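Trainee: Below is the structure I would like to discuss, written out as structure tokens.
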Amino acid sequence: MNLTIATFVLLGLAATGYIMGRRRAVSVSGGNTARLHSKPVYHGWYVALACGLPAIALWIAAIAIGDTMIDSAVIASLPQDIQQASGPVLRRFLADAHTLSQGGTATIAVTPALEQAAVDYGRLDALRGWIGFVGAFALGLVGFGFTFRRINITLRTRQPVERVLMIVLLIAAAISILTTVGIVFSVLFESLRFFQKVPLFEFLFGTQWSPQIALRTDQVGSSGAFGILPLLAGTAMVTVIAMLVAAPVGLLSAVFLAEYARPRTRAVAKPMLEILAGIPTVVYGFFAALVVAPWLRDAGATIGLDVASESALAAGFVMGIMIIPFVSSLTDDALAAVPRSLRDASYGLGATQQETITRIILPSALPGIVAGLLLAVSRAIGETMIVVMAAGLAANLTANPLEAVTTVTVQIVTLLVGDQEFDSAKTLAAFALGLVLFIITLGLNVIALRVVQKYREKYD
Amino acid sequence: MTEMTASPPAAIHSGKAAQARLRRRYRAERRFRWICMATLGIAAVFLVILMGSIVSRGWTGFLATQMKLTVTLDASQIDPENPAQGNYRMLVVAALQNEFPEATSRSDMRALLGMVSNGAYVELTNLVADDPSLIGSTVDIWVPAASDLDMLNKGYIDRDSAEDLRRVDDQTLAWVDQMKADGSIRTVFNWTFFTTGDSREPELAGIAGAALGSFWMLLVTFLVSFPTGVAAAVYLEEFAPKKRWVDIIEVNINNLAAVPSIVFGLLGLAVFLNLMHLPRSAPLVGGLTLALMTLPTIIITTRAALKGVPPSIREAAYGIGASPVQAIAHHVLPLALPRLLTGAIIGMAQALGETAPLLMIGMVAFIVDLPGGPLDAATALPVQIFLWADSPERGFVEKTSAAIMVLLGFLVFMNGIAVFLRQRFEVRW
């Protein structure tokens, strides 16, 4: 039984239920649908849900439970030596048998055992498909018959249908919670496995980061060192450089747009900042790696400075450009929230516009501006592509922005791109770094919210 | 009336010191204003430099260098039964030898062959496969030139530098000049770039595979995140009881919007690949991961759109007997639709430019074939840019910039639609 076709047949059953339920509602009302308690549409949905929901649920359950049952049945009929094979080998064998049964080609050598397993898969898959489909279809028909016969003018179908809709909406809203839970659990779970291999203390306070896996046991540094401090230092340096660019430029350009610019200038400048915000980070990364970094190196060479080709300065500078529109728009919002009356009072006392801005408006908008800057910092810390392309891989604990540094996000990418072995500390370290990143950015976000809530002046 | 003093208080505002003070204040005013304007100018300069450096490096990526070969389709080298198996390398060698009889040594022959891209053999194969009656005849055919020659033709190789520092030696330079003089080298629009997948050779590499991968991915992202996001927003905005756990959902959505994208990549890796065993490198997984990432954006913009519909609409609907669900479904949602779609498109544009999470779930492989569906292995446009930016070959620099221009083109197009929808259909209350 083809799974896709079966699913569509079941959906078709529900659609038929909708049409017939609606028709019947119209016919029992004798053509005057106003006599019905609920509109005919609801009767249609009532029947469709009654035959569709249980049928689809049973069908999904048959597929999910069937998969594990079939797997264990196939494994039980395999020769001993394959049954005893290690997890990945066995899983690969089963996956190949499955592909083979669906007419694909295997990635491992085809043995009689594999062919037998493929035949078993084909047989059991078909069996599961038919049993599941017939069961689901029958259940759908029962639901259909039960609800279809009940339709009459007094049947209240709107309430149950709307209740189901509410549940669907609630589930959709809960997905965001599930996402957070998923993030926390997936990152936390692998991190805990990491901390079984590497002590938490060593991770948090170690000053060496060299996660390489040794090729030979006697190799220097074969154990691998997982001290996060050099990464945090590198991240901090890139972030500070970025904020040194983004904070003044973003802030002052927002002041200009909000206080000085004429509407026509605003109409040009705002979209320009939006373009800057809409450029994908990989483009900024390319710009940093191929334009800014070589330029900085050449400029450094002419004045006798030794600038690394993957310097923190290049990455931080370009990241700063990326964050300018972010700072600018959040500052703009904060400035817009300052009431007109404060400005007017200040002008009334004879203050110039500059005095009004620096002594009245900026202090009043400060909580919002600080929150915006914190969010910008959080964004800089979590930014990945620019640093992956323009910052280095070697973890140097240095305070010199002209040297290469590495960041938390760069290390996550380098650890996870390529072969992943979920039993080595190297791969698991990426999740521990992810956990640190998640905690830091979440913390900054929460602090930013608190700053706004706690220090915002309530005008009006 | 009080007695007037010798120096009236007004002197504070008119004396010499006062005027100096005033001048100083006005100077500060002008200075501040100028600095503010300059920062905006700096942002504009950054944008111009960024765009300028990409366009100036990338526009030649849309051009390709071709060379004309006069190939004798020697019947002894091609089996008419199976034209795809012909020895086209020998044919090209013979054609080049014909053109340059003075090149006889092995190293000369290697240099000559180095001028021709591997794509030439494919073109010859296709030519003969389409029309086997050509076997035995002599044809003029334009074939792609090798990347080094392409770079030379586009002026990226300095002819005056020392020979051993150059990718092209003096002998080849002379040949190229001779061919140019003969008119057997031309520059054409690079269709290959838009019709093929990735390749190890810059002159044969294209973005079609990556663009298709991005398309399948965005399709999945849209189909998952738009209905879910709208449903969640409708619930939270219109139906949710004012309870503590609803507040938690709200705070949670705002926090989720600030989570770095790479963390979503970790989630995708742990849940979709390790837990659910979905195929690696598939647009389906990328789409699902990006859907979770864009969900907060869509929920937030949808809620803003729903807030924008005045309560009077709802009350009028209730007044004629609609249920809350009917009021929302029949009146509020259709009225909010333009802003809702605008938000969705902006969310999709974000997803299109996103790279980091895709690196986590293995969409970073070298894939030549065009993906035919969301389950085929694929990469995405930004990932392709990342991969090419890492390639050492000179020829990939212009391809990277050209791909960036295409990506930016898509983004401008999507944002253009969003702006159009907003201006054309938005109702002002």
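Here's how to read the names in the structure tokens: chain A, B, ... by the order shown, residue numbers from 1 in each chain, ligand numbers from 1 in the order shown.
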Using only C-alpha atoms, what does the table of chain A residues within 7 Å of chain B look like, with each row giving the shortest atom pair and its distance in Å to one decimal, sorted by chain and ascending number, as a Markdown table?
Mentor:
```
| residue | atom | partner | partner_atom | distance |
| --- | --- | --- | --- | --- |
| A:Leu169 | CA | B:Ala231 | CA | 5.1 |
| A:Leu170 | CA | B:Tyr235 | CA | 6.5 |
| A:Ala172 | CA | B:Ala232 | CA | 4.9 |
| A:Ala173 | CA | B:Ala232 | CA | 4.0 |
| A:Ser176 | CA | B:Ile253 | CA | 6.3 |
| A:Ile177 | CA | B:Ile249 | CA | 6.4 |
| A:Gly182 | CA | B:Leu267 | CA | 6.7 |
| A:Ile183 | CA | B:Leu267 | CA | 5.3 |
| A:Ser186 | CA | B:Ala270 | CA | 5.8 |
| A:Val249 | CA | B:Thr39 | CA | 5.1 |
| A:Leu252 | CA | B:Cys36 | CA | 5.0 |
| A:Ser253 | CA | B:Leu40 | CA | 4.8 |
| A:Val255 | CA | B:Cys36 | CA | 6.9 |
| A:Phe256 | CA | B:Cys36 | CA | 5.3 |
| A:Leu276 | CA | B:Leu47 | CA | 6.6 |
| A:Pro280 | CA | B:Gly353 | CA | 4.7 |
| A:Val282 | CA | B:Pro382 | CA | 6.4 |
| A:Val283 | CA | B:Ile404 | CA | 6.7 |
| A:Phe286 | CA | B:Ala389 | CA | 6.6 |
| A:Phe287 | CA | B:Leu50 | CA | 6.7 |
| A:Thr352 | CA | B:Glu29 | CA | 6.8 |
| A:Gln353 | CA | B:Glu29 | CA | 6.8 |
| A:Gln354 | CA | B:Glu29 | CA | 5.1 |
| A:Arg379 | CA | B:Pro260 | CA | 7.0 |
| A:Gly382 | CA | B:Pro260 | CA | 4.9 |
| A:Glu383 | CA | B:Pro260 | CA | 6.8 |
| A:Thr384 | CA | B:Ala356 | CA | 6.3 |
| A:Met385 | CA | B:Ala356 | CA | 6.3 |
| A:Val413 | CA | B:Met360 | CA | 6.9 |
| A:Leu416 | CA | B:Met360 | CA | 6.2 |
| A:Val417 | CA | B:Met360 | CA | 6.4 |
| A:Gly434 | CA | B:Val263 | CA | 6.2 |
| A:Phe438 | CA | B:Val259 | CA | 6.8 |
| A:Thr441 | CA | B:Val259 | CA | 6.6 |
| A:Leu442 | CA | B:Asn255 | CA | 6.8 |
| A:Asn445 | CA | B:Asn255 | CA | 6.8 |
```
Trainee: Report as a list of chain:residue names all protein, DNA and RNA residues lying within 9 Å of Val285 (chain B), evaluated on only C-alpha atoms, omitting residues in the same chain fewer than 6 positions from it.
Mentor: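 Using only C-alpha atoms, the neighbours found are B:Met217, B:Val220, B:Gly268, B:Leu269, B:Phe272, B:Leu273, B:Leu278, B:Pro279, B:Leu358, B:Ile361, B:Pro374, B:Leu375.
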Trainee: Contacts of Ala117 (chain A) at 9 Å or less, counting only C-alpha atoms, minus same-chain residues fewer than 2 places along, as JSON, numbers by chain?
Mentor: {"A": [74, 75, 77, 78, 94, 97, 98, 101, 112, 113, 114, 115, 119, 120, 121, 122]}
Trainee: With only C-alpha atoms as the counted atoms, please give the residues lying no more than 12 Å from Gly213 (chain B), apart from itself and same-chain residues fewer than 2 positions off, as a PyMOL selection string.
Mentor: chain B and resi 197-198+207-211+215-220+281-287+352+358+363-364+367-384
Trainee: For N, CA and C atoms, I'd like the residues from the last selection saved as a short mmCIF file (atom, residue, chain, number, x, y, z; two decimals), in the first residue's frame.
Mentor:
```cif
data_model
loop_
_atom_site.label_atom_id
_atom_site.label_comp_id
_atom_site.auth_asym_id
_atom_site.auth_seq_id
_atom_site.Cartn_x
_atom_site.Cartn_y
_atom_site.Cartn_z
N GLY B 197 24.33 22.80 -11.62
CA GLY B 197 24.62 22.74 -10.20
C GLY B 197 26.07 23.09 -9.95
N ASP B 198 26.54 22.73 -8.76
CA ASP B 198 27.90 23.07 -8.37
C ASP B 198 28.89 22.26 -9.21
N ILE B 207 24.41 28.07 -10.20
CA ILE B 207 23.65 28.22 -8.97
C ILE B 207 22.28 27.56 -9.05
N ALA B 208 21.97 26.90 -10.17
CA ALA B 208 20.62 26.35 -10.30
C ALA B 208 20.33 25.36 -9.18
N GLY B 209 21.30 24.50 -8.85
CA GLY B 209 21.09 23.52 -7.80
C GLY B 209 20.80 24.18 -6.47
N ALA B 210 21.62 25.19 -6.13
CA ALA B 210 21.43 25.88 -4.86
C ALA B 210 20.11 26.63 -4.84
N ALA B 211 19.76 27.27 -5.96
CA ALA B 211 18.51 28.03 -6.00
C ALA B 211 17.31 27.09 -5.83
N PHE B 215 14.56 26.94 -2.95
CA PHE B 215 13.13 26.96 -3.25
C PHE B 215 12.39 25.89 -2.47
N TRP B 216 12.87 24.64 -2.52
CA TRP B 216 12.19 23.55 -1.79
C TRP B 216 12.16 23.84 -0.30
N MET B 217 13.29 24.41 0.18
CA MET B 217 13.38 24.68 1.60
C MET B 217 12.36 25.74 2.02
N LEU B 218 12.28 26.82 1.21
CA LEU B 218 11.35 27.89 1.56
C LEU B 218 9.92 27.40 1.47
N LEU B 219 9.67 26.49 0.53
CA LEU B 219 8.32 25.94 0.40
C LEU B 219 7.93 25.24 1.69
N VAL B 220 8.82 24.38 2.18
CA VAL B 220 8.55 23.68 3.45
C VAL B 220 8.38 24.69 4.57
N SER B 281 21.09 16.67 4.86
CA SER B 281 21.24 17.52 3.68
C SER B 281 19.94 17.74 2.92
N ALA B 282 18.80 17.31 3.46
CA ALA B 282 17.55 17.43 2.72
C ALA B 282 16.91 18.79 2.99
N PRO B 283 16.34 19.42 1.94
CA PRO B 283 15.64 20.69 2.14
C PRO B 283 14.51 20.57 3.15
N LEU B 284 13.94 19.35 3.30
CA LEU B 284 12.86 19.16 4.27
C LEU B 284 13.34 19.54 5.66
N VAL B 285 14.50 19.03 6.05
CA VAL B 285 15.04 19.30 7.39
C VAL B 285 15.39 20.78 7.52
N GLY B 286 16.05 21.32 6.47
CA GLY B 286 16.38 22.74 6.50
C GLY B 286 15.13 23.59 6.64
N GLY B 287 14.09 23.21 5.87
CA GLY B 287 12.85 23.97 5.91
C GLY B 287 12.20 23.93 7.28
N LEU B 352 15.45 32.93 3.71
CA LEU B 352 16.23 32.72 2.49
C LEU B 352 17.69 33.10 2.69
N LEU B 358 21.83 25.93 8.60
CA LEU B 358 21.93 24.92 7.54
C LEU B 358 23.27 24.20 7.58
N MET B 363 23.61 20.70 5.15
CA MET B 363 23.27 21.18 3.80
C MET B 363 24.48 21.88 3.20
N VAL B 364 25.67 21.40 3.51
CA VAL B 364 26.87 22.13 3.14
C VAL B 364 27.76 21.23 2.28
N ILE B 367 27.29 19.23 -3.98
CA ILE B 367 26.22 18.51 -4.67
C ILE B 367 26.09 19.02 -6.09
N VAL B 368 26.28 18.13 -7.04
CA VAL B 368 26.26 18.52 -8.45
C VAL B 368 24.85 18.47 -9.01
N ASP B 369 24.08 17.44 -8.61
CA ASP B 369 22.76 17.23 -9.21
C ASP B 369 21.76 18.27 -8.72
N LEU B 370 20.80 18.59 -9.58
CA LEU B 370 19.74 19.49 -9.17
C LEU B 370 18.74 18.71 -8.32
N PRO B 371 18.35 19.24 -7.15
CA PRO B 371 17.39 18.53 -6.31
C PRO B 371 16.00 18.54 -6.94
N GLY B 372 15.35 17.37 -6.99
CA GLY B 372 14.04 17.28 -7.61
C GLY B 372 12.91 17.36 -6.62
N GLY B 373 13.21 17.40 -5.34
CA GLY B 373 12.16 17.45 -4.33
C GLY B 373 12.76 17.71 -2.97
N PRO B 374 11.89 17.90 -1.95
CA PRO B 374 12.40 18.27 -0.63
C PRO B 374 13.15 17.15 0.09
N LEU B 375 13.23 15.97 -0.49
CA LEU B 375 13.97 14.90 0.18
C LEU B 375 15.33 14.64 -0.44
N ASP B 376 15.59 15.27 -1.61
CA ASP B 376 16.90 15.09 -2.24
C ASP B 376 17.96 15.90 -1.51
N ALA B 377 19.20 15.41 -1.58
CA ALA B 377 20.29 16.18 -1.00
C ALA B 377 20.44 17.48 -1.77
N ALA B 378 20.63 18.57 -1.05
CA ALA B 378 20.72 19.87 -1.70
C ALA B 378 21.50 20.83 -0.83
N THR B 379 21.90 21.94 -1.42
CA THR B 379 22.40 23.05 -0.62
C THR B 379 21.46 24.22 -0.88
N ALA B 380 21.74 25.35 -0.27
CA ALA B 380 20.92 26.53 -0.48
C ALA B 380 21.80 27.66 -0.98
N LEU B 381 21.17 28.69 -1.52
CA LEU B 381 21.94 29.79 -2.11
C LEU B 381 22.99 30.38 -1.16
N PRO B 382 22.61 30.78 0.06
CA PRO B 382 23.65 31.36 0.93
C PRO B 382 24.75 30.36 1.26
N VAL B 383 24.39 29.07 1.38
CA VAL B 383 25.42 28.08 1.68
C VAL B 383 26.37 27.94 0.50
N GLN B 384 25.81 27.99 -0.72
CA GLN B 384 26.64 27.93 -1.91
C GLN B 384 27.63 29.10 -1.93
#
```
Trainee: Can you list, as a VMD selection string, all residues belonging to region 102-269 of chain B that DSSP tags as strand (DSSP E or B)?
Mentor: chain B and resid 116 138 to 145 185 to 189
Trainee: Save out the residues we just selected, C-alpha atoms, as a compact mmCIF listing (two decimals), in the first residue's frame.
Mentor:
```
# COMPACT_ATOMS: atom_id res chain seq x y z
CA VAL B 116 39.95 24.03 -22.86
CA THR B 138 34.17 18.54 -39.50
CA VAL B 139 32.27 21.00 -37.30
CA ASP B 140 32.97 24.43 -35.84
CA ILE B 141 31.90 24.47 -32.22
CA TRP B 142 32.11 27.06 -29.45
CA VAL B 143 33.20 25.42 -26.23
CA PRO B 144 33.81 26.89 -22.76
CA ALA B 145 37.39 27.96 -22.11
CA ILE B 185 37.64 33.63 -28.61
CA ARG B 186 34.46 35.36 -27.62
CA THR B 187 32.67 36.51 -24.49
CA VAL B 188 29.04 35.49 -24.13
CA PHE B 189 26.33 35.56 -21.49
```
Trainee: Which residues are close to Met115 (chain B), i.e. within 9 Å by only C-alpha atoms, leaving aside same-chain residues fewer than 4 positions away? Reply as a list in words.
Mentor: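 After dropping sequence-adjacent residues, the list is Arg110, Ala111, Ala145, Ala146, Ser147, Asp148, Leu149, Thr172 and Val176 of chain B.
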Trainee: Can you work out the spacing between CA of Asn400 (chain A) and CA of Pro230 (chain A) in Å, to one decimal?
Mentor: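 We find that CA of Asn400 (chain A) and CA of Pro230 (chain A) lie 12.9 Å from each other.
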Trainee: Excluding region 340-342 of chain B and residues on its chain fewer than 5 positions from it, collect all residues at most 9 Å away from it, counting only C-alpha atoms, and give them as a PyMOL selection string.
Mentor: chain B and resi 226+230+298+301-306+333+347+415+417-422
Trainee: Atoms to include: C-alpha atoms. Write the selected residues as a short mmCIF file (atom, residue, chain, number, x, y, z; two decimals), in the first residue's frame.
Mentor:
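Just written: selection_39.cif:
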```
data_model
loop_
_atom_site.label_atom_id
_atom_site.label_comp_id
_atom_site.auth_asym_id
_atom_site.auth_seq_id
_atom_site.Cartn_x
_atom_site.Cartn_y
_atom_site.Cartn_z
CA PHE B 226 2.62 30.33 8.00
CA VAL B 230 -1.16 32.56 12.05
CA ILE B 298 5.34 35.49 11.86
CA THR B 301 3.72 40.42 12.79
CA THR B 302 0.39 38.58 12.63
CA ARG B 303 -0.54 39.81 16.09
CA ALA B 304 0.31 43.35 15.04
CA ALA B 305 -1.86 42.90 11.95
CA LEU B 306 -4.78 41.59 14.02
CA LEU B 333 -8.53 37.69 9.07
CA GLY B 347 9.96 36.19 7.39
CA ASN B 415 10.65 42.75 -0.21
CA ILE B 417 6.24 42.28 -3.23
CA ALA B 418 5.82 42.96 0.48
CA VAL B 419 5.94 46.72 -0.05
CA PHE B 420 3.54 46.43 -2.98
CA LEU B 421 1.05 44.38 -0.95
CA ARG B 422 1.27 46.84 1.91
#
```
Trainee: Just to confirm, what's the straight-line distance from CA of Leu192 (chain A) to CA of Leu435 (chain A) in Å (one decimal)?
Mentor: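 Between CA of Leu192 (chain A) and CA of Leu435 (chain A) the gap works out to 10.3 Å.
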Trainee: Which neighbours of region 158-164 of chain A fall inside 7 Å, counting only C-alpha atoms, when residues of the same chain fewer than 2 positions from it are skipped, and could you give them as number ranges by chain?
Mentor: A: 38, 42, 45-46, 156, 166-168
